[in-house]
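Have a look at run_16.csv below; it lists CSV, C-alpha atoms.
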chain,number,residue,atom,x,y,z
Q,164,MET,CA,116.5,98.5,118.8
Q,165,THR,CA,114.6,99.7,115.7
Q,166,THR,CA,112.3,97.4,113.8
Q,167,HIS,CA,114.5,97.7,110.8
Q,168,THR,CA,117.6,96.7,112.8
Q,169,ALA,CA,115.7,93.8,114.4
Q,170,LYS,CA,114.6,92.6,111.0
Q,171,THR,CA,118.1,92.8,109.6
Q,172,ILE,CA,119.5,90.7,112.5
Q,173,ARG,CA,116.7,88.2,112.0
Q,174,ARG,CA,117.4,87.8,108.3
Q,175,PHE,CA,121.1,87.4,108.7
Q,176,GLY,CA,121.1,85.6,112.0
Q,177,PHE,CA,118.8,82.9,110.8
Q,178,GLY,CA,120.1,82.9,107.2
Q,179,LEU,CA,120.8,79.2,107.0
Q,180,PHE,CA,117.3,78.1,108.0
Q,181,ALA,CA,115.7,80.7,105.7
Q,182,THR,CA,117.8,79.6,102.8
Q,183,LEU,CA,116.7,76.0,103.4
Q,184,ALA,CA,113.1,77.1,103.5
Q,185,ILE,CA,113.4,79.0,100.3
Q,186,PHE,CA,114.4,75.8,98.5
Q,187,ALA,CA,112.2,73.4,100.5
Q,188,CYS,CA,109.0,75.4,101.0
Q,189,ALA,CA,108.1,78.5,99.0
Q,190,GLY,CA,105.0,79.0,101.1
Q,191,GLN,CA,101.4,78.1,100.3
Q,192,ALA,CA,100.3,81.8,99.9
Q,193,GLY,CA,103.0,82.3,97.3
Q,194,ALA,CA,102.2,79.0,95.6
Q,195,VAL,CA,98.5,79.9,95.5
Q,196,GLU,CA,99.2,83.2,93.9
Q,197,ALA,CA,101.7,81.7,91.4
Q,198,ALA,CA,99.3,78.9,90.4
Q,199,LYS,CA,96.2,81.0,90.1
Q,200,PRO,CA,94.9,80.8,86.5
Q,201,ALA,CA,93.9,84.1,85.0
Q,202,GLY,CA,90.6,85.2,86.3
Q,203,GLU,CA,90.3,82.5,89.0
Q,204,ARG,CA,89.5,83.7,92.5
Q,205,PHE,CA,92.0,83.4,95.3
Q,206,ASP,CA,89.6,81.3,97.4
Q,207,VAL,CA,89.1,78.7,94.6
Q,208,THR,CA,92.8,78.4,93.9
Q,209,GLY,CA,93.5,78.2,97.6
Q,210,VAL,CA,91.1,75.3,98.2
Q,211,LYS,CA,92.4,73.5,95.1
Q,212,ALA,CA,96.0,73.9,96.3
Q,213,VAL,CA,95.3,71.6,99.3
Q,214,ARG,CA,94.0,68.7,97.2
Q,215,PRO,CA,97.4,67.2,96.2
Q,216,THR,CA,98.2,66.3,99.8
Q,217,LEU,CA,95.2,64.0,99.9
Q,218,VAL,CA,96.2,62.5,96.6
Q,219,ASP,CA,99.7,61.9,98.1
Q,220,THR,CA,98.1,60.3,101.2
Q,221,ILE,CA,96.2,57.9,99.0
Q,222,ALA,CA,99.2,57.1,96.9
Q,223,ALA,CA,101.3,56.3,100.0
Q,224,LEU,CA,98.5,54.1,101.5
Q,225,GLN,CA,98.2,52.2,98.2
Q,226,LYS,CA,101.9,51.3,98.7
Q,227,ARG,CA,101.2,50.5,102.4
Q,228,ASP,CA,103.6,53.3,103.3
Q,229,ILE,CA,102.1,54.3,106.6
Q,230,ALA,CA,104.9,56.8,107.4
Q,231,GLY,CA,104.7,58.5,104.1
Q,232,ALA,CA,100.9,58.6,104.2
Q,233,LYS,CA,101.0,60.1,107.7
Q,234,ALA,CA,103.5,62.8,106.6
Q,235,ALA,CA,101.3,63.6,103.6
Q,236,PHE,CA,98.2,63.9,105.8
Q,237,GLU,CA,100.0,66.1,108.2
Q,238,ALA,CA,100.8,68.4,105.3
Q,239,TYR,CA,97.1,68.3,104.4
Q,240,ASP,CA,96.1,69.4,107.9
Q,241,SER,CA,98.5,72.3,107.8
Q,242,LEU,CA,97.4,73.6,104.4
Q,243,TRP,CA,93.7,73.0,105.3
Q,244,ASN,CA,94.0,75.2,108.3
Q,245,GLY,CA,95.0,78.1,106.0
Q,246,ILE,CA,91.8,77.9,103.9
Q,247,GLU,CA,89.2,75.9,105.8
Q,248,MET,CA,87.0,79.0,106.5
Q,249,TYR,CA,86.3,79.2,102.8
Q,250,VAL,CA,84.4,75.9,103.4
Q,251,SER,CA,83.1,76.5,106.9
Q,252,THR,CA,81.7,79.9,106.1
Q,253,ARG,CA,79.7,78.5,103.1
Q,254,SER,CA,78.6,75.2,104.5
Q,255,LYS,CA,78.9,74.0,108.1
Q,256,ASP,CA,77.7,70.5,107.0
Q,257,MET,CA,80.5,70.2,104.4
Q,258,TYR,CA,83.0,71.5,106.9
Q,259,ASP,CA,81.9,69.1,109.7
Q,260,ALA,CA,82.1,66.1,107.3
Q,261,LEU,CA,85.7,67.0,106.3
Q,262,GLU,CA,87.0,68.2,109.7
Q,263,HIS,CA,85.1,66.4,112.4
Q,264,VAL,CA,84.2,63.1,110.7
Q,265,LEU,CA,86.7,62.1,108.0
Q,266,GLN,CA,89.8,63.9,109.2
Q,267,ALA,CA,89.1,63.0,112.8
Q,268,ARG,CA,88.7,59.3,111.9
Q,269,ILE,CA,91.9,59.3,109.8
Q,270,GLU,CA,94.0,61.0,112.5
Q,271,LYS,CA,92.7,58.5,115.1
Q,272,ALA,CA,93.6,55.6,112.8
Q,273,PHE,CA,97.1,57.0,112.3
Q,274,GLY,CA,97.6,57.2,116.0
Q,275,ALA,CA,97.0,53.5,116.5
Q,276,SER,CA,100.0,51.2,117.3
Q,277,ASN,CA,99.4,49.2,114.1
Q,278,PRO,CA,97.4,51.4,111.6
Q,279,ASP,CA,95.1,49.5,109.2
Q,280,ALA,CA,96.3,50.6,105.8
Q,281,ALA,CA,93.2,49.3,104.0
Q,282,ALA,CA,90.7,51.1,106.3
Q,283,LEU,CA,92.8,54.3,106.1
Q,284,LEU,CA,92.8,54.0,102.3
Q,285,ALA,CA,89.0,53.7,102.2
Q,286,ASP,CA,88.6,56.8,104.5
Q,287,ALA,CA,91.2,58.8,102.5
Q,288,GLN,CA,89.5,58.0,99.2
Q,289,ALA,CA,86.1,59.0,100.7
Q,290,MET,CA,87.7,62.2,102.0
Q,291,LEU,CA,89.0,63.1,98.5
Q,292,VAL,CA,85.5,62.6,97.1
Q,293,LYS,CA,84.1,64.9,99.7
Q,294,TYR,CA,86.9,67.4,99.2
Q,295,ASP,CA,86.2,67.5,95.5
Q,296,GLU,CA,82.6,68.4,96.4
Q,297,ALA,CA,83.9,71.2,98.5
Q,298,ILE,CA,86.1,72.6,95.7
Q,299,ASP,CA,83.0,72.5,93.4
Q,300,MET,CA,80.9,74.3,96.0
Q,301,VAL,CA,83.5,77.0,96.5
Q,302,ALA,CA,84.0,77.5,92.7
Q,303,LYS,CA,80.3,77.8,92.0
Q,304,ALA,CA,79.5,80.0,95.0
Q,305,ALA,CA,79.4,83.8,94.9
Q,306,PRO,CA,82.7,85.4,96.2
Q,307,LEU,CA,82.9,86.1,99.9
Q,308,ASN,CA,83.7,89.5,101.3
Q,309,PRO,CA,87.3,90.3,100.2
Q,310,LEU,CA,88.3,90.4,103.9
Q,311,TRP,CA,88.2,86.6,103.9
Q,312,ASP,CA,91.1,86.5,101.4
Q,313,ASP,CA,93.1,88.6,103.9
Q,314,ILE,CA,92.2,86.2,106.6
Q,315,ALA,CA,93.3,83.3,104.4
Q,316,ARG,CA,96.6,84.9,103.7
Q,317,LEU,CA,97.2,85.4,107.4
Q,318,ARG,CA,96.2,81.8,108.2
Q,319,ILE,CA,98.3,80.3,105.4
Q,320,VAL,CA,101.4,82.0,106.7
Q,321,ARG,CA,100.5,81.1,110.3
Q,322,ALA,CA,100.2,77.4,109.3
Q,323,HIS,CA,104.0,77.2,109.2
Q,324,LEU,CA,104.3,78.5,112.7
Q,325,ARG,CA,101.7,76.0,114.0
Q,326,GLU,CA,103.8,73.1,112.7
Q,327,VAL,CA,106.7,74.0,115.1
Q,328,PRO,CA,105.4,72.8,118.5
Q,329,PRO,CA,104.4,69.4,117.3
Q,330,ALA,CA,107.7,68.9,115.5
Q,331,LEU,CA,109.5,69.9,118.7
Q,332,LYS,CA,107.4,67.6,120.8
Q,333,ALA,CA,108.3,64.7,118.4
Q,334,GLY,CA,112.0,65.6,118.7
Q,335,ASN,CA,112.1,66.4,115.0
Q,336,PHE,CA,114.2,69.6,115.3
Q,337,ALA,CA,115.0,69.7,111.6
Q,338,LYS,CA,111.3,70.0,110.8
Q,339,ALA,CA,110.8,72.6,113.5
Q,340,ARG,CA,113.6,74.7,112.0
Q,341,LYS,CA,112.3,74.2,108.5
Q,342,SER,CA,108.7,75.2,109.5
Q,343,PHE,CA,109.8,78.2,111.4
Q,344,ALA,CA,112.1,79.3,108.5
Q,345,ALA,CA,109.1,79.0,106.2
Q,346,PHE,CA,107.0,81.2,108.5
Q,347,ASP,CA,109.9,83.7,108.7
Q,348,ASN,CA,110.2,83.6,104.9
Q,349,THR,CA,106.5,84.4,104.3
Q,350,TRP,CA,106.0,86.8,107.2
Q,351,ASP,CA,106.9,89.8,105.0
Q,352,SER,CA,103.9,89.1,102.8
Q,353,ILE,CA,101.4,89.8,105.6
Q,354,GLU,CA,103.3,91.8,108.2
Q,355,ASP,CA,101.7,95.1,107.0
Q,356,MET,CA,98.3,93.7,107.9
Q,357,ILE,CA,99.5,93.0,111.4
Q,358,LYS,CA,101.2,96.3,111.8
Q,359,ALA,CA,98.0,98.2,110.6
Q,360,ARG,CA,96.0,96.6,113.3
Q,361,SER,CA,98.5,96.9,116.2
Q,362,ALA,CA,102.0,98.4,116.0
Q,363,ASP,CA,102.6,96.9,119.5
Q,364,ASP,CA,101.7,93.4,118.4
Q,365,TYR,CA,103.8,93.8,115.3
Q,366,VAL,CA,106.9,94.8,117.3
Q,367,ALA,CA,106.3,92.0,119.8
Q,368,ILE,CA,106.1,89.4,117.0
Q,369,GLU,CA,109.3,90.7,115.4
Q,370,LYS,CA,111.1,90.5,118.8
Q,371,GLY,CA,109.6,87.0,119.5
Q,372,MET,CA,110.8,85.8,116.1
Q,373,ILE,CA,114.4,86.8,116.9
Q,374,GLU,CA,114.2,85.0,120.2
Q,375,ILE,CA,112.8,81.8,118.6
Q,376,GLU,CA,115.6,81.8,116.0
Q,377,LYS,CA,118.2,82.0,118.7
Q,378,ALA,CA,116.5,79.3,120.7
Q,379,LEU,CA,116.4,77.0,117.7
Q,380,MET,CA,120.1,77.4,117.0
Q,381,PRO,CA,121.5,74.7,119.4
Q,382,GLU,CA,121.6,71.1,118.0
Q,383,LYS,CA,119.1,70.1,120.7
Q,384,PRO,CA,116.9,73.1,121.5
Q,385,ASP,CA,115.1,73.5,124.8
Q,386,VAL,CA,111.7,72.2,123.8
Q,387,ALA,CA,109.8,73.9,126.6
Q,388,GLN,CA,111.5,77.2,126.0
Q,389,VAL,CA,111.0,77.3,122.2
Q,390,THR,CA,107.4,76.1,122.5
Q,391,ALA,CA,106.6,78.9,125.0
Q,392,LEU,CA,108.2,81.5,122.6
Q,393,VAL,CA,106.2,80.2,119.6
Q,394,ASN,CA,103.0,80.2,121.6
Q,395,GLY,CA,103.7,83.8,122.6
Q,396,VAL,CA,104.2,84.9,119.0
Q,397,MET,CA,101.1,82.9,118.0
Q,398,ALA,CA,99.0,84.7,120.6
Q,399,LYS,CA,99.9,88.1,119.3
Q,400,TYR,CA,99.4,87.0,115.7
Q,401,ASN,CA,96.0,85.4,116.5
Q,402,THR,CA,94.8,88.7,117.9
Q,403,SER,CA,94.9,90.2,114.4
Q,404,VAL,CA,93.3,87.1,112.8
Q,405,THR,CA,90.5,87.1,115.3
Q,406,GLU,CA,89.8,90.8,114.9
Q,407,LEU,CA,89.7,90.4,111.1
Q,408,ILE,CA,87.3,87.4,111.3
Q,409,LYS,CA,85.0,89.5,113.5
Q,410,GLU,CA,85.1,92.3,111.0
Q,411,ALA,CA,84.5,90.0,108.0
Q,412,ARG,CA,81.5,88.4,109.7
Q,413,SER,CA,80.0,91.8,110.4
Q,414,ARG,CA,79.9,92.6,106.7
Q,415,PRO,CA,77.7,91.3,104.0
Could the structure of this file be written out as structure tokens, please?
Amino acid sequence: MTTHTAKTIRRFGFGLFATLAIFACAGQAGAVEAAKPAGERFDVTGVKAVRPTLVDTIAALQKRDIAGAKAAFEAYDSLWNGIEMYVSTRSKDMYDALEHVLQARIEKAFGASNPDAAALLADAQAMLVKYDEAIDMVAKAAPLNPLWDDIARLRIVRAHLREVPPALKAGNFAKARKSFAAFDNTWDSIEDMIKARSADDYVAIEKGMIEIEKALMPEKPDVAQVTALVNGVMAKYNTSVTELIKEARSRP
């Protein structure tokens, strides 16, 4: 089967889910590009684009809406994964404070049988303050090597795929389908980067995406099967991400 034929099958075979994703999630990379003020760098816009999820987390906690706050913070984690290297590359201390102290503490609190809304609110507010410091740091810093923007684009698109296994594990098949559709819908924006690095990985990812779509079609998908398929696609995808990171780190 040719790549063109495979892609055609994917677009039509999974049309319903892709349609839902178009309306429900335009994709962070597209949102970052669309929201970028004239003259503002992609890294600055990308880091700023994550901030509203923390604001949403705080707003939900102020209403003592634990479920809403948890969903908003999960959205933060997904978007943060796309752009976190803009922070970690510039300041390990800033990254550790956000990722390993505040985020870790909030996630642990959400995992409790009876989360303390007041304590969570205090931590979320502290995290927003620290995140604003990170935005200011990125905005005032010199631009990184342009390869880091390509890495961000790859990671932003990948973030949708990373959401699928946890959703499957939780039995939230609607979310798993929506997240995969968002990945499928944004794949075209970065596929040339994958193809340029490995034609074999590109073909394997395309094939894997068709298999995932088919496996997600039943009302109750086989969780183990879909998870294994997603992990297989992720492994091929991550090869390009890892290689690009090594290349970026080797340049000034």
Residue with smallest distance to Lys358 of chain Q - pool Q:Lys399, Q:Arg321, Q:Arg340, Q:Lys383, counting only C-alpha atoms: Q:Lys399
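With distances restricted to only C-alpha atoms, Q:Glu382 is the closest residue to Phe336 of chain Q from Q:Met356, Q:Ala362, Q:Val404, Q:Glu382.
Using only C-alpha atoms, the nearest neighbour of Ala398 of chain Q within the list Q:Ala367, Q:Ala339, Q:Ala238, Q:Ile298 is Q:Ala367.
Using only C-alpha atoms, the residues found no farther than 9 Å from Lys338 of chain Q, other than those of its own chain fewer than 6 positions away, are Glu326, Val327, Ala330 and Leu331 of chain Q.
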Could the residues in this selection be written to a file with C-alpha atoms, as a PDB file, keeping the file's coordinate frame?
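Output saved as selection26.pdb:
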ATOM      1  CA  GLU Q 326     103.800  73.100 112.700  1.00  0.00           C
ATOM      2  CA  VAL Q 327     106.700  74.000 115.100  1.00  0.00           C
ATOM      3  CA  ALA Q 330     107.700  68.900 115.500  1.00  0.00           C
ATOM      4  CA  LEU Q 331     109.500  69.900 118.700  1.00  0.00           C
TER       5      LEU Q 331
END
Hey, can you check how far atom CA of Ile357 of chain Q sits from atom CA of Pro309 of chain Q? 16.8 Å
Around the point (97.6, 56.1, 100.4) (coordinates from the file), which residues reach within 6 Å if we count all atoms listed in the file? Answer as a list of chain:residue names.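 Residues satisfying the cut-off, written out: Q:Thr220, Q:Ile221, Q:Ala222, Q:Ala223, Q:Leu224, Q:Gln225, Q:Ala232, Q:Leu284.
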Can you tell me, as a PyMOL selection string, which residues sit within 12 Å of (86.4, 60.4, 110.9) in the file's frame, using only C-alpha atoms? chain Q and resi 259-273+282-283+285-287+289-290
For the selection just defined, write its residues with C-alpha atoms to a file, as a tab-separated table (two decimals), in the frame of the given file.
chain	number	residue	atom	x	y	z
Q	259	ASP	CA	81.90	69.10	109.70
Q	260	ALA	CA	82.10	66.10	107.30
Q	261	LEU	CA	85.70	67.00	106.30
Q	262	GLU	CA	87.00	68.20	109.70
Q	263	HIS	CA	85.10	66.40	112.40
Q	264	VAL	CA	84.20	63.10	110.70
Q	265	LEU	CA	86.70	62.10	108.00
Q	266	GLN	CA	89.80	63.90	109.20
Q	267	ALA	CA	89.10	63.00	112.80
Q	268	ARG	CA	88.70	59.30	111.90
Q	269	ILE	CA	91.90	59.30	109.80
Q	270	GLU	CA	94.00	61.00	112.50
Q	271	LYS	CA	92.70	58.50	115.10
Q	272	ALA	CA	93.60	55.60	112.80
Q	273	PHE	CA	97.10	57.00	112.30
Q	282	ALA	CA	90.70	51.10	106.30
Q	283	LEU	CA	92.80	54.30	106.10
Q	285	ALA	CA	89.00	53.70	102.20
Q	286	ASP	CA	88.60	56.80	104.50
Q	287	ALA	CA	91.20	58.80	102.50
Q	289	ALA	CA	86.10	59.00	100.70
Q	290	MET	CA	87.70	62.20	102.00
d(atom CA of Leu324 of chain Q, atom CA of Asp351 of chain Q) in Å: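 Those two atoms sit 13.9 Å apart.
With only C-alpha atoms as the atoms that count, the residue of Q:Asp219, Q:Asp364, Q:Asp228, Q:Glu247 with the shortest distance to Ile319 of chain Q is Q:Glu247.
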Find the residue from Q:Lys370, Q:Arg360, Q:Lys303, Q:His323 that sits nearest to Glu406 of chain Q; use all atoms listed in the file when measuring. Q:Arg360
Considering all atoms listed in the file, state which residue in the set Q:Val389, Q:Leu407, Q:Ala280, Q:Leu242 is at the smallest distance from Ala359 of chain Q. Q:Leu407
